[in-house]
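Undergrad: This is the structure I want to talk about, given as structure tokens.
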Amino acid sequence: MKKLMELMAEELSAAFEKAGYDPSYGKVTVSNRPDLCEYQCNGAMAGAKAYKKAPFMIADEVVANLGESRVFSMAEVVKPGFINLKVKEDFLAEYLEKLAADEKLSVNAAKTPKTIIIDYGGPNVAKPLHVGHLRSAIIGESIKRIGRFVGHKVIGDVHLGDWGLQMGLIITELKHREPGLVYFDDSYTGEYPKEAPFTIGELEEIYPAASARSKDDEEFRAEALEATHLLQQGKPGYMALWNHIMEVSVSDLKKNYNNLNVTFDLWKKESDAQPYIPDMVEEMKQKGFAYEDQGALVVDVKEESDTKEIPPCMLLKSDGASLYTTTDLATIKERMELFNPDEILYVVDKRQELHFIQVFRCARKTGLVNEDTKLFFLGFGTMNGKDGKPFKTREGGVMRLENLIADINEEMYRKIVENRSVKDKDAGETARIVGLSAIKYGDLSNQATKDYIFDVDRFTSFEGNTGPYILYTIVRIKSILNRYCEEGGDLEAGRMLAAVNESEKNLMLQLTGFGATVENAFEEKAPHKICAYIYEVSNAFNRFYHETKILTEEDPAQKQSFVKLLVLTRNILETSIELLGFSAPDRM
Ligand code: ARG
């Protein structure tokens, strides 16, 4: 369906054209003087140059041509030549009726749906999820949902880190602790045990111990590098251990992502790209892109316009081992073969930008992707503590995701019980739902590329620009609607009438912005635009709520109209938070 702004622009364009001007001057924008008007058209200002005429003369002619408009209740020329506009209340009510009936609430489906792979999450197997992985999961999940809503085929891939040094470290540490395990017996030819020789708890202790040891034990580190390489070559005992590590940690990861309302279509991993590496490397050599440099195999990726040095992309180390770049390139090859995507989007810490510049350039230069395949890096900023440094535990250690969530839920529980509107029985579950909104909204309401401060007190507040505030607004609407139904009201009855006051009209106008907001949020990969939008809608609703008697309205048709507006507001808010990746409870 057409956006309200388009309908307004159509009227103005026709009026420009009628007066002999180019219709493209009829663009309408939201007013920057809300005290004077709701929308404005600056086309006469722009046209003045082209037509060598005073802007207000053009504006006057245009406004005269608008005549008795079905859309505008006011079209006024102000010096030097702006056209100030207000929308007719009954036209707006009619528009909202259509909006409410539209399945996508005025979001128009993409004309040419694309296949888009989103690479997000990116946890490393055997390492506990920490807050660094939180942003990727939250932002990626939201963009995936928005992309689907606007009609694209979006495939989310967790792209597990399972092929790097951490695997060699774990294997080596295990070998030191339990050298007698069959996995380390090179002469063993039987079947390996089904049961893993460790639990997730043990695994999470083994990795940090090994990692710490490798920092000051050269020999141990060398051993781990060697083990990593042997694993990558498929040494049977190590592959069996790798399988155990995978099994144990993937089920733990799934549990954690579930708690975050984050789901992936693909649980692929770095190692899945391994079979694509030999051919890919061979081809790059043969085409003359890859050459040897101090034993390593590299591809040059610098470009003339570079202002800073972009080092060559390394394909293989001197011992033939593959690297992070190698698996990422081979994964591109794999994705092209399996899905032939139009676009691959990476939601990864912005400190990895150079890596992705190298990978993208190499992929393009060597023809791994089609000319029109878009590779896009969405680098996000760091989540900091109140001290402005990367978020840590009180003791200064790396914060585990589980603990962060538990902390938020505890704080949320405290606040909800304090509010006392919910019986203890469901307060725990409510705290979990609202807590997730606090974390996700706290993150998503910031522009992704920027660092932000994770502030538990602020994020869990029911007031201000927070997740709980948005949920509180939704719950408020739901409870009014419930009461209306309990009193025998029918949500479907009646129709929307012209706004009765300023605050109702403002809410109505806000609701018309949903479609453009969502389309734009996807285009710019910017969920924060949806946050900003629903904050405005919530404010507009609460103002309306405080100024208007809704259920005590005596005129039945008017009451039905209010109720319809409430239903639409609820639908828009609930659809929005669904796109952000959280939901609202029934009560709070
Ligand atoms: N596992 C990586 C890390 O923790 C992130 C993976 C991002 N995705 C990718 N295709 N490189 O840093």
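We name chains A, B, ... following the order of the structure tokens; residues begin at 1 in each chain, and ligands are numbered from 1 as shown.
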Compute the set of protein, DNA and RNA residues whose minimum atom distance to ligand 1 is at most 6 Å, using only C-alpha atoms and all ligand atoms, and state it as a short mmCIF file (atom, residue, chain, number, x, y, z; two decimals) with N, CA, C and O atoms, in the first residue's frame.
TA:
data_model
loop_
_atom_site.label_atom_id
_atom_site.label_comp_id
_atom_site.auth_asym_id
_atom_site.auth_seq_id
_atom_site.Cartn_x
_atom_site.Cartn_y
_atom_site.Cartn_z
N ASP A 119 25.90 -13.87 8.44
CA ASP A 119 26.88 -14.59 9.23
C ASP A 119 26.94 -13.86 10.57
O ASP A 119 27.43 -12.76 10.67
N GLY A 122 28.80 -16.29 15.61
CA GLY A 122 30.24 -16.54 15.53
C GLY A 122 30.92 -16.96 16.83
O GLY A 122 32.03 -16.54 17.11
N PRO A 123 30.25 -17.81 17.65
CA PRO A 123 30.92 -18.22 18.88
C PRO A 123 32.05 -19.19 18.56
O PRO A 123 32.09 -19.76 17.47
N ASN A 124 32.94 -19.35 19.50
CA ASN A 124 34.01 -20.31 19.31
C ASN A 124 33.73 -21.52 20.18
O ASN A 124 33.49 -21.39 21.38
N GLY A 161 33.28 -21.07 15.27
CA GLY A 161 34.74 -21.14 15.21
C GLY A 161 35.19 -22.46 15.79
O GLY A 161 35.18 -22.65 17.00
N ASP A 328 37.58 -18.34 5.93
CA ASP A 328 36.55 -17.38 5.51
C ASP A 328 36.41 -17.35 3.98
O ASP A 328 35.30 -17.27 3.46
N VAL A 348 30.03 -8.66 12.75
CA VAL A 348 31.21 -9.03 13.53
C VAL A 348 31.81 -7.77 14.16
O VAL A 348 31.65 -6.66 13.64
#
Undergrad: Give me the residues near region 204-211 of chain A as a list in words, where near means some atom within 8 Å (using only C-alpha atoms) and where sequence neighbours in that chain fewer than 6 positions away do not count.
TA: Ala126, Lys127, Pro128, Gln166, Leu169, Ile170, Thr172, Glu173 and Leu174 of chain A
Undergrad: Just list as a VMD selection string whatever in region 231-362 of chain A DSSP marks as strand (DSSP E or B).
TA: chain A and resid 266 269 290 to 293 296 to 299 313 to 316 322 343 to 349
Undergrad: So that I have them on file, write out the residues from the current selection with N, CA, C and O atoms, as an mmCIF file, in the first residue's frame.
TA:
data_model
loop_
_atom_site.group_PDB
_atom_site.id
_atom_site.type_symbol
_atom_site.label_atom_id
_atom_site.label_comp_id
_atom_site.auth_asym_id
_atom_site.auth_seq_id
_atom_site.Cartn_x
_atom_site.Cartn_y
_atom_site.Cartn_z
ATOM 1 N N LEU A 266 21.336 -22.284 9.863
ATOM 2 C CA LEU A 266 22.481 -23.150 9.614
ATOM 3 C C LEU A 266 23.409 -23.134 10.822
ATOM 4 O O LEU A 266 23.705 -22.069 11.366
ATOM 5 N N LYS A 269 30.132 -24.409 10.273
ATOM 6 C CA LYS A 269 31.333 -24.082 11.031
ATOM 7 C C LYS A 269 32.533 -23.937 10.124
ATOM 8 O O LYS A 269 32.486 -24.337 8.959
ATOM 9 N N ALA A 290 47.898 -16.091 -6.410
ATOM 10 C CA ALA A 290 48.611 -16.449 -5.185
ATOM 11 C C ALA A 290 50.081 -16.682 -5.485
ATOM 12 O O ALA A 290 50.424 -17.317 -6.471
ATOM 13 N N TYR A 291 50.926 -16.150 -4.635
ATOM 14 C CA TYR A 291 52.361 -16.378 -4.807
ATOM 15 C C TYR A 291 53.008 -16.591 -3.447
ATOM 16 O O TYR A 291 52.442 -16.251 -2.400
ATOM 17 N N GLU A 292 54.217 -17.155 -3.477
ATOM 18 C CA GLU A 292 54.899 -17.452 -2.227
ATOM 19 C C GLU A 292 55.686 -16.252 -1.734
ATOM 20 O O GLU A 292 56.359 -15.582 -2.496
ATOM 21 N N ASP A 293 55.545 -16.007 -0.452
ATOM 22 C CA ASP A 293 56.282 -14.916 0.154
ATOM 23 C C ASP A 293 56.810 -15.406 1.495
ATOM 24 O O ASP A 293 56.041 -15.701 2.393
ATOM 25 N N ALA A 296 55.200 -18.478 2.932
ATOM 26 C CA ALA A 296 53.729 -18.453 3.030
ATOM 27 C C ALA A 296 53.123 -18.169 1.660
ATOM 28 O O ALA A 296 53.780 -17.618 0.778
ATOM 29 N N LEU A 297 51.852 -18.571 1.492
ATOM 30 C CA LEU A 297 51.170 -18.312 0.230
ATOM 31 C C LEU A 297 50.228 -17.124 0.415
ATOM 32 O O LEU A 297 49.370 -17.146 1.303
ATOM 33 N N VAL A 298 50.415 -16.090 -0.402
ATOM 34 C CA VAL A 298 49.626 -14.864 -0.202
ATOM 35 C C VAL A 298 49.017 -14.349 -1.502
ATOM 36 O O VAL A 298 49.453 -14.716 -2.598
ATOM 37 N N VAL A 299 47.998 -13.491 -1.354
ATOM 38 C CA VAL A 299 47.407 -12.794 -2.498
ATOM 39 C C VAL A 299 47.458 -11.298 -2.183
ATOM 40 O O VAL A 299 47.046 -10.879 -1.095
ATOM 41 N N CYS A 313 46.735 -10.786 1.641
ATOM 42 C CA CYS A 313 45.848 -11.744 2.285
ATOM 43 C C CYS A 313 46.575 -13.085 2.335
ATOM 44 O O CYS A 313 46.986 -13.613 1.296
ATOM 45 N N MET A 314 46.757 -13.634 3.539
ATOM 46 C CA MET A 314 47.526 -14.872 3.644
ATOM 47 C C MET A 314 46.619 -16.091 3.500
ATOM 48 O O MET A 314 45.611 -16.222 4.198
ATOM 49 N N LEU A 315 46.985 -16.973 2.553
ATOM 50 C CA LEU A 315 46.168 -18.175 2.306
ATOM 51 C C LEU A 315 46.642 -19.363 3.118
ATOM 52 O O LEU A 315 45.838 -20.091 3.697
ATOM 53 N N LEU A 316 47.951 -19.576 3.101
ATOM 54 C CA LEU A 316 48.501 -20.710 3.855
ATOM 55 C C LEU A 316 49.768 -20.258 4.567
ATOM 56 O O LEU A 316 50.540 -19.462 4.024
ATOM 57 N N SER A 322 46.114 -23.758 7.437
ATOM 58 C CA SER A 322 45.214 -22.695 6.988
ATOM 59 C C SER A 322 44.949 -21.729 8.129
ATOM 60 O O SER A 322 45.195 -22.030 9.294
ATOM 61 N N GLU A 343 23.799 -11.659 -1.570
ATOM 62 C CA GLU A 343 24.474 -10.828 -0.584
ATOM 63 C C GLU A 343 24.912 -11.688 0.593
ATOM 64 O O GLU A 343 24.188 -12.578 1.016
ATOM 65 N N ILE A 344 26.110 -11.416 1.107
ATOM 66 C CA ILE A 344 26.528 -12.037 2.370
ATOM 67 C C ILE A 344 26.856 -10.902 3.332
ATOM 68 O O ILE A 344 27.654 -10.018 3.011
ATOM 69 N N LEU A 345 26.205 -10.941 4.470
ATOM 70 C CA LEU A 345 26.385 -9.884 5.460
ATOM 71 C C LEU A 345 27.052 -10.475 6.702
ATOM 72 O O LEU A 345 26.599 -11.484 7.234
ATOM 73 N N TYR A 346 28.137 -9.857 7.139
ATOM 74 C CA TYR A 346 28.852 -10.319 8.328
ATOM 75 C C TYR A 346 28.603 -9.349 9.471
ATOM 76 O O TYR A 346 28.879 -8.160 9.334
ATOM 77 N N VAL A 347 28.091 -9.869 10.567
ATOM 78 C CA VAL A 347 27.884 -9.017 11.741
ATOM 79 C C VAL A 347 28.951 -9.406 12.766
ATOM 80 O O VAL A 347 28.811 -10.390 13.492
ATOM 81 N N VAL A 348 30.029 -8.657 12.755
ATOM 82 C CA VAL A 348 31.213 -9.029 13.534
ATOM 83 C C VAL A 348 31.808 -7.767 14.164
ATOM 84 O O VAL A 348 31.654 -6.661 13.637
ATOM 85 N N ASP A 349 32.496 -7.940 15.258
ATOM 86 C CA ASP A 349 33.199 -6.854 15.953
ATOM 87 C C ASP A 349 33.984 -5.995 14.953
ATOM 88 O O ASP A 349 34.711 -6.507 14.109
#
Undergrad: Go through A:Arg587, A:Arg432, A:Lys549, A:Lys425 one by one, measure the shortest atom-to-atom distance of each to Asn482 (chain A) using only C-alpha atoms, and give the residue with the smallest value.
TA: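 Of all the options, A:Arg587 lies closest to Asn482 (chain A).
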Undergrad: Could you pull the residues within 10 Å of Lys559 (chain A), counting only C-alpha atoms, minus those fewer than 5 positions along the same chain, as a list in words?
TA: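 Everything that qualifies: Tyr484, Gly489, Gly494, Arg495, Met496, Leu497, Lys549, Ile550, Leu551, Thr552, Glu553, Glu554, Lys564 and Leu565 of chain A.
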Undergrad: Applying 9 Å and only C-alpha atoms, which residues near Phe541 (chain A) remain after dropping the ones on its own chain fewer than 2 positions away? List them as a PyMOL selection string.
TA: chain A and resi 473+503-504+506-507+536-539+543-546+566+569
Undergrad: Using only C-alpha atoms, find each residue in region 205-320 of chain A having at least one atom no more than 10 Å away from region 358-382 of chain A; report its shortest atom-to-atom pair and that distance in Å (one decimal), rows by chain then rising number, as a tab-separated table.
TA:
residue	atom	partner	partner_atom	distance
A:Met280	CA	A:Leu368	CA	8.6
A:Glu283	CA	A:Thr366	CA	8.7
A:Met284	CA	A:Thr366	CA	6.6
A:Lys285	CA	A:Thr366	CA	10.0
A:Lys287	CA	A:Thr366	CA	8.0
A:Gly288	CA	A:Thr366	CA	9.3
A:Phe289	CA	A:Thr366	CA	6.9
A:Ala290	CA	A:Thr366	CA	9.2
A:Val298	CA	A:Cys362	CA	9.9
A:Val299	CA	A:Cys362	CA	6.9
A:Asp300	CA	A:Cys362	CA	7.7
A:Val301	CA	A:Arg361	CA	6.0
A:Lys302	CA	A:Arg361	CA	8.4
A:Glu303	CA	A:Arg361	CA	9.3
A:Ile310	CA	A:Gln358	CA	7.4
A:Pro311	CA	A:Gln358	CA	7.9
A:Pro312	CA	A:Gln358	CA	7.3
A:Cys313	CA	A:Gln358	CA	5.6
A:Met314	CA	A:Gln358	CA	8.9
A:Leu315	CA	A:Cys362	CA	9.9
Undergrad: Would you mind reading off the distance between CA of Glu11 (chain A) and CA of Gly81 (chain A), one decimal, in Å?
TA: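 Between these atoms lies a distance of 17.8 Å.
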Undergrad: Calculated over only C-alpha atoms, which of the candidates A:Asp60, A:Asp265, A:Asp157, A:Asp443 has the smallest distance to Lys79 (chain A)?
TA: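 Among A:Asp60, A:Asp265, A:Asp157, A:Asp443, it is A:Asp60 that comes nearest to Lys79 (chain A).
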Undergrad: Per DSSP on the backbone, what are the alpha helix (DSSP H) residues of region 29-161 of chain A, as a tab-separated table (two decimals) with N, CA, C and O atoms, in the first residue's frame?
TA:
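Written file, states.tsv:
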chain	number	residue	atom	x	y	z
A	43	GLY	N	9.73	22.18	-2.12
A	43	GLY	CA	9.98	22.12	-3.56
A	43	GLY	C	10.08	23.49	-4.23
A	43	GLY	O	10.86	23.67	-5.17
A	44	ALA	N	9.31	24.46	-3.75
A	44	ALA	CA	9.34	25.78	-4.38
A	44	ALA	C	10.71	26.44	-4.16
A	44	ALA	O	11.20	27.18	-5.02
A	45	MET	N	11.32	26.15	-3.02
A	45	MET	CA	12.65	26.69	-2.74
A	45	MET	C	13.65	26.12	-3.74
A	45	MET	O	14.48	26.83	-4.30
A	46	ALA	N	13.54	24.82	-3.96
A	46	ALA	CA	14.46	24.16	-4.88
A	46	ALA	C	14.19	24.60	-6.32
A	46	ALA	O	15.12	24.79	-7.12
A	47	GLY	N	12.90	24.80	-6.63
A	47	GLY	CA	12.54	25.16	-8.00
A	47	GLY	C	12.90	26.59	-8.38
A	47	GLY	O	13.06	26.91	-9.57
A	48	ALA	N	13.03	27.43	-7.36
A	48	ALA	CA	13.27	28.86	-7.63
A	48	ALA	C	14.49	29.08	-8.52
A	48	ALA	O	14.46	29.90	-9.44
A	49	LYS	N	15.55	28.36	-8.25
A	49	LYS	CA	16.78	28.50	-9.04
A	49	LYS	C	16.52	28.12	-10.49
A	49	LYS	O	16.83	28.88	-11.41
A	50	ALA	N	15.94	26.91	-10.65
A	50	ALA	CA	15.75	26.38	-12.00
A	50	ALA	C	14.83	27.29	-12.83
A	50	ALA	O	15.03	27.46	-14.04
A	51	TYR	N	13.81	27.85	-12.17
A	51	TYR	CA	12.85	28.65	-12.93
A	51	TYR	C	13.09	30.16	-12.80
A	51	TYR	O	12.29	30.96	-13.27
A	55	PRO	N	10.72	32.02	-4.85
A	55	PRO	CA	10.13	30.76	-4.37
A	55	PRO	C	8.68	30.94	-3.89
A	55	PRO	O	7.85	30.06	-4.14
A	56	PHE	N	8.38	32.06	-3.23
A	56	PHE	CA	7.00	32.16	-2.71
A	56	PHE	C	5.98	32.32	-3.83
A	56	PHE	O	4.82	31.95	-3.69
A	57	MET	N	6.43	32.83	-4.99
A	57	MET	CA	5.50	32.92	-6.12
A	57	MET	C	5.15	31.53	-6.62
A	57	MET	O	3.98	31.22	-6.91
A	58	ILE	N	6.18	30.69	-6.71
A	58	ILE	CA	5.92	29.30	-7.13
A	58	ILE	C	5.00	28.64	-6.12
A	58	ILE	O	3.99	28.00	-6.47
A	59	ALA	N	5.34	28.79	-4.84
A	59	ALA	CA	4.56	28.16	-3.78
A	59	ALA	C	3.10	28.61	-3.83
A	59	ALA	O	2.18	27.79	-3.66
A	60	ASP	N	2.89	29.89	-4.06
A	60	ASP	CA	1.52	30.41	-4.14
A	60	ASP	C	0.73	29.72	-5.24
A	60	ASP	O	-0.42	29.32	-5.04
A	61	GLU	N	1.36	29.60	-6.40
A	61	GLU	CA	0.66	28.95	-7.53
A	61	GLU	C	0.32	27.50	-7.19
A	61	GLU	O	-0.78	27.02	-7.47
A	62	VAL	N	1.28	26.82	-6.57
A	62	VAL	CA	1.07	25.41	-6.25
A	62	VAL	C	-0.09	25.26	-5.28
A	62	VAL	O	-0.98	24.42	-5.47
A	63	VAL	N	-0.06	26.07	-4.24
A	63	VAL	CA	-1.12	25.97	-3.23
A	63	VAL	C	-2.49	26.29	-3.85
A	63	VAL	O	-3.48	25.62	-3.56
A	64	ALA	N	-2.52	27.28	-4.75
A	64	ALA	CA	-3.79	27.59	-5.43
A	64	ALA	C	-4.28	26.37	-6.20
A	64	ALA	O	-5.48	26.08	-6.22
A	65	ASN	N	-3.36	25.64	-6.79
A	65	ASN	CA	-3.74	24.45	-7.56
A	65	ASN	C	-4.21	23.29	-6.70
A	65	ASN	O	-4.85	22.37	-7.19
A	66	LEU	N	-3.79	23.30	-5.43
A	66	LEU	CA	-4.23	22.20	-4.56
A	66	LEU	C	-5.73	22.26	-4.36
A	66	LEU	O	-6.39	21.24	-4.17
A	89	GLU	N	-8.24	15.35	9.13
A	89	GLU	CA	-8.49	14.31	10.13
A	89	GLU	C	-9.27	13.11	9.58
A	89	GLU	O	-8.96	11.97	9.90
A	90	ASP	N	-10.28	13.38	8.76
A	90	ASP	CA	-11.05	12.20	8.30
A	90	ASP	C	-10.29	11.42	7.22
A	90	ASP	O	-10.41	10.20	7.13
A	91	PHE	N	-9.45	12.13	6.47
A	91	PHE	CA	-8.61	11.40	5.51
A	91	PHE	C	-7.63	10.49	6.27
A	91	PHE	O	-7.42	9.33	5.92
A	92	LEU	N	-7.09	11.01	7.34
A	92	LEU	CA	-6.14	10.25	8.17
A	92	LEU	C	-6.82	9.02	8.76
A	92	LEU	O	-6.26	7.91	8.76
A	93	ALA	N	-8.04	9.19	9.27
A	93	ALA	CA	-8.76	8.06	9.86
A	93	ALA	C	-9.00	6.97	8.82
A	93	ALA	O	-8.82	5.78	9.08
A	94	GLU	N	-9.37	7.41	7.61
A	94	GLU	CA	-9.59	6.43	6.53
A	94	GLU	C	-8.29	5.69	6.19
A	94	GLU	O	-8.28	4.49	5.97
A	95	TYR	N	-7.21	6.47	6.18
A	95	TYR	CA	-5.91	5.86	5.87
A	95	TYR	C	-5.55	4.81	6.93
A	95	TYR	O	-5.08	3.72	6.61
A	96	LEU	N	-5.80	5.13	8.19
A	96	LEU	CA	-5.47	4.20	9.26
A	96	LEU	C	-6.30	2.92	9.17
A	96	LEU	O	-5.84	1.84	9.53
A	97	GLU	N	-7.53	3.04	8.71
A	97	GLU	CA	-8.37	1.85	8.51
A	97	GLU	C	-7.67	0.90	7.54
A	97	GLU	O	-7.60	-0.30	7.76
A	98	LYS	N	-7.14	1.47	6.47
A	98	LYS	CA	-6.46	0.63	5.46
A	98	LYS	C	-5.17	0.06	6.04
A	98	LYS	O	-4.83	-1.10	5.83
A	99	LEU	N	-4.48	0.90	6.77
A	99	LEU	CA	-3.22	0.46	7.39
A	99	LEU	C	-3.47	-0.72	8.33
A	99	LEU	O	-2.74	-1.72	8.32
A	100	ALA	N	-4.55	-0.61	9.11
A	100	ALA	CA	-4.87	-1.67	10.07
A	100	ALA	C	-5.21	-2.96	9.35
A	100	ALA	O	-4.97	-4.06	9.87
A	101	ALA	N	-5.78	-2.85	8.15
A	101	ALA	CA	-6.20	-4.04	7.42
A	101	ALA	C	-5.04	-4.65	6.64
A	101	ALA	O	-5.13	-5.78	6.17
A	131	VAL	N	30.29	-11.76	26.64
A	131	VAL	CA	29.50	-10.63	26.18
A	131	VAL	C	29.90	-10.14	24.79
A	131	VAL	O	29.10	-9.54	24.10
A	132	GLY	N	31.13	-10.42	24.39
A	132	GLY	CA	31.57	-10.01	23.06
A	132	GLY	C	30.73	-10.65	21.96
A	132	GLY	O	30.57	-10.09	20.88
A	133	HIS	N	30.18	-11.82	22.24
A	133	HIS	CA	29.35	-12.48	21.23
A	133	HIS	C	27.89	-12.05	21.31
A	133	HIS	O	27.10	-12.37	20.44
A	134	LEU	N	27.58	-11.31	22.36
A	134	LEU	CA	26.20	-10.90	22.56
A	134	LEU	C	25.72	-9.96	21.45
A	134	LEU	O	24.65	-10.14	20.88
A	135	ARG	N	26.53	-8.98	21.14
A	135	ARG	CA	26.11	-7.98	20.15
A	135	ARG	C	25.85	-8.62	18.80
A	135	ARG	O	24.88	-8.31	18.13
A	136	SER	N	26.77	-9.49	18.39
A	136	SER	CA	26.60	-10.12	17.08
A	136	SER	C	25.28	-10.87	17.02
A	136	SER	O	24.53	-10.76	16.05
A	137	ALA	N	24.98	-11.61	18.09
A	137	ALA	CA	23.75	-12.40	18.12
A	137	ALA	C	22.52	-11.49	18.07
A	137	ALA	O	21.58	-11.73	17.31
A	138	ILE	N	22.55	-10.43	18.86
A	138	ILE	CA	21.38	-9.56	18.97
A	138	ILE	C	21.14	-8.78	17.68
A	138	ILE	O	20.03	-8.73	17.16
A	139	ILE	N	22.20	-8.19	17.15
A	139	ILE	CA	22.05	-7.36	15.95
A	139	ILE	C	21.74	-8.24	14.73
A	139	ILE	O	20.84	-7.94	13.94
A	140	GLY	N	22.47	-9.34	14.60
A	140	GLY	CA	22.26	-10.24	13.46
A	140	GLY	C	20.85	-10.79	13.44
A	140	GLY	O	20.20	-10.83	12.39
A	141	GLU	N	20.38	-11.22	14.60
A	141	GLU	CA	19.04	-11.78	14.68
A	141	GLU	C	18.00	-10.75	14.24
A	141	GLU	O	17.06	-11.06	13.49
A	142	SER	N	18.18	-9.51	14.68
A	142	SER	CA	17.21	-8.49	14.33
A	142	SER	C	17.23	-8.20	12.82
A	142	SER	O	16.17	-8.11	12.19
A	143	ILE	N	18.42	-8.08	12.26
A	143	ILE	CA	18.49	-7.80	10.82
A	143	ILE	C	17.88	-8.95	10.02
A	143	ILE	O	17.21	-8.74	9.01
A	144	LYS	N	18.11	-10.17	10.50
A	144	LYS	CA	17.51	-11.32	9.82
A	144	LYS	C	15.99	-11.20	9.81
A	144	LYS	O	15.34	-11.37	8.78
A	145	ARG	N	15.42	-10.87	10.96
A	145	ARG	CA	13.96	-10.78	11.05
A	145	ARG	C	13.42	-9.63	10.19
A	145	ARG	O	12.39	-9.77	9.53
A	146	ILE	N	14.12	-8.51	10.22
A	146	ILE	CA	13.66	-7.37	9.42
A	146	ILE	C	13.73	-7.73	7.93
A	146	ILE	O	12.80	-7.46	7.17
A	147	GLY	N	14.82	-8.37	7.55
A	147	GLY	CA	15.00	-8.76	6.14
A	147	GLY	C	13.88	-9.67	5.66
A	147	GLY	O	13.36	-9.53	4.55
A	148	ARG	N	13.51	-10.61	6.51
A	148	ARG	CA	12.41	-11.51	6.13
A	148	ARG	C	11.10	-10.74	6.02
A	148	ARG	O	10.31	-10.98	5.13
A	149	PHE	N	10.90	-9.84	6.95
A	149	PHE	CA	9.64	-9.10	6.96
A	149	PHE	C	9.50	-8.26	5.69
A	149	PHE	O	8.40	-8.11	5.18
Undergrad: At a cut-off of 10 Å, using only C-alpha atoms, what residues contact Pro275 (chain A)? Leave out same-chain residues fewer than 4 positions from it and give the result as an mmCIF file with N, CA, C and O atoms, in the first residue's frame.
TA:
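Final file, out_26.cif:
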data_model
loop_
_atom_site.group_PDB
_atom_site.id
_atom_site.type_symbol
_atom_site.label_atom_id
_atom_site.label_comp_id
_atom_site.auth_asym_id
_atom_site.auth_seq_id
_atom_site.Cartn_x
_atom_site.Cartn_y
_atom_site.Cartn_z
ATOM 1 N N SER A 271 35.183 -25.521 9.924
ATOM 2 C CA SER A 271 35.721 -26.772 9.385
ATOM 3 C C SER A 271 34.945 -27.259 8.162
ATOM 4 O O SER A 271 35.487 -28.007 7.348
ATOM 5 N N ASP A 279 41.230 -27.046 -3.586
ATOM 6 C CA ASP A 279 40.908 -26.583 -4.949
ATOM 7 C C ASP A 279 40.993 -25.075 -5.071
ATOM 8 O O ASP A 279 41.472 -24.530 -6.063
ATOM 9 N N MET A 280 40.492 -24.428 -4.029
ATOM 10 C CA MET A 280 40.480 -22.966 -4.055
ATOM 11 C C MET A 280 41.913 -22.438 -4.145
ATOM 12 O O MET A 280 42.234 -21.562 -4.965
ATOM 13 N N ALA A 330 37.209 -19.850 1.913
ATOM 14 C CA ALA A 330 36.631 -21.126 1.477
ATOM 15 C C ALA A 330 35.142 -21.185 1.823
ATOM 16 O O ALA A 330 34.353 -21.800 1.101
ATOM 17 N N THR A 331 34.758 -20.538 2.916
ATOM 18 C CA THR A 331 33.333 -20.495 3.281
ATOM 19 C C THR A 331 32.546 -19.698 2.243
ATOM 20 O O THR A 331 31.408 -20.046 1.912
ATOM 21 N N GLU A 334 32.049 -22.032 -0.568
ATOM 22 C CA GLU A 334 31.016 -22.993 -0.203
ATOM 23 C C GLU A 334 29.615 -22.362 -0.295
ATOM 24 O O GLU A 334 28.689 -22.939 -0.872
#
Undergrad: Tell me, as JSON, numbers by chain, which residues lie within 9 Å of Cys41 (chain A), counting only C-alpha atoms; anything in the same chain fewer than 5 positions away does not count.
TA: {"A": [9, 12, 25, 26, 27, 28, 29, 30, 31, 82, 83, 84, 85]}
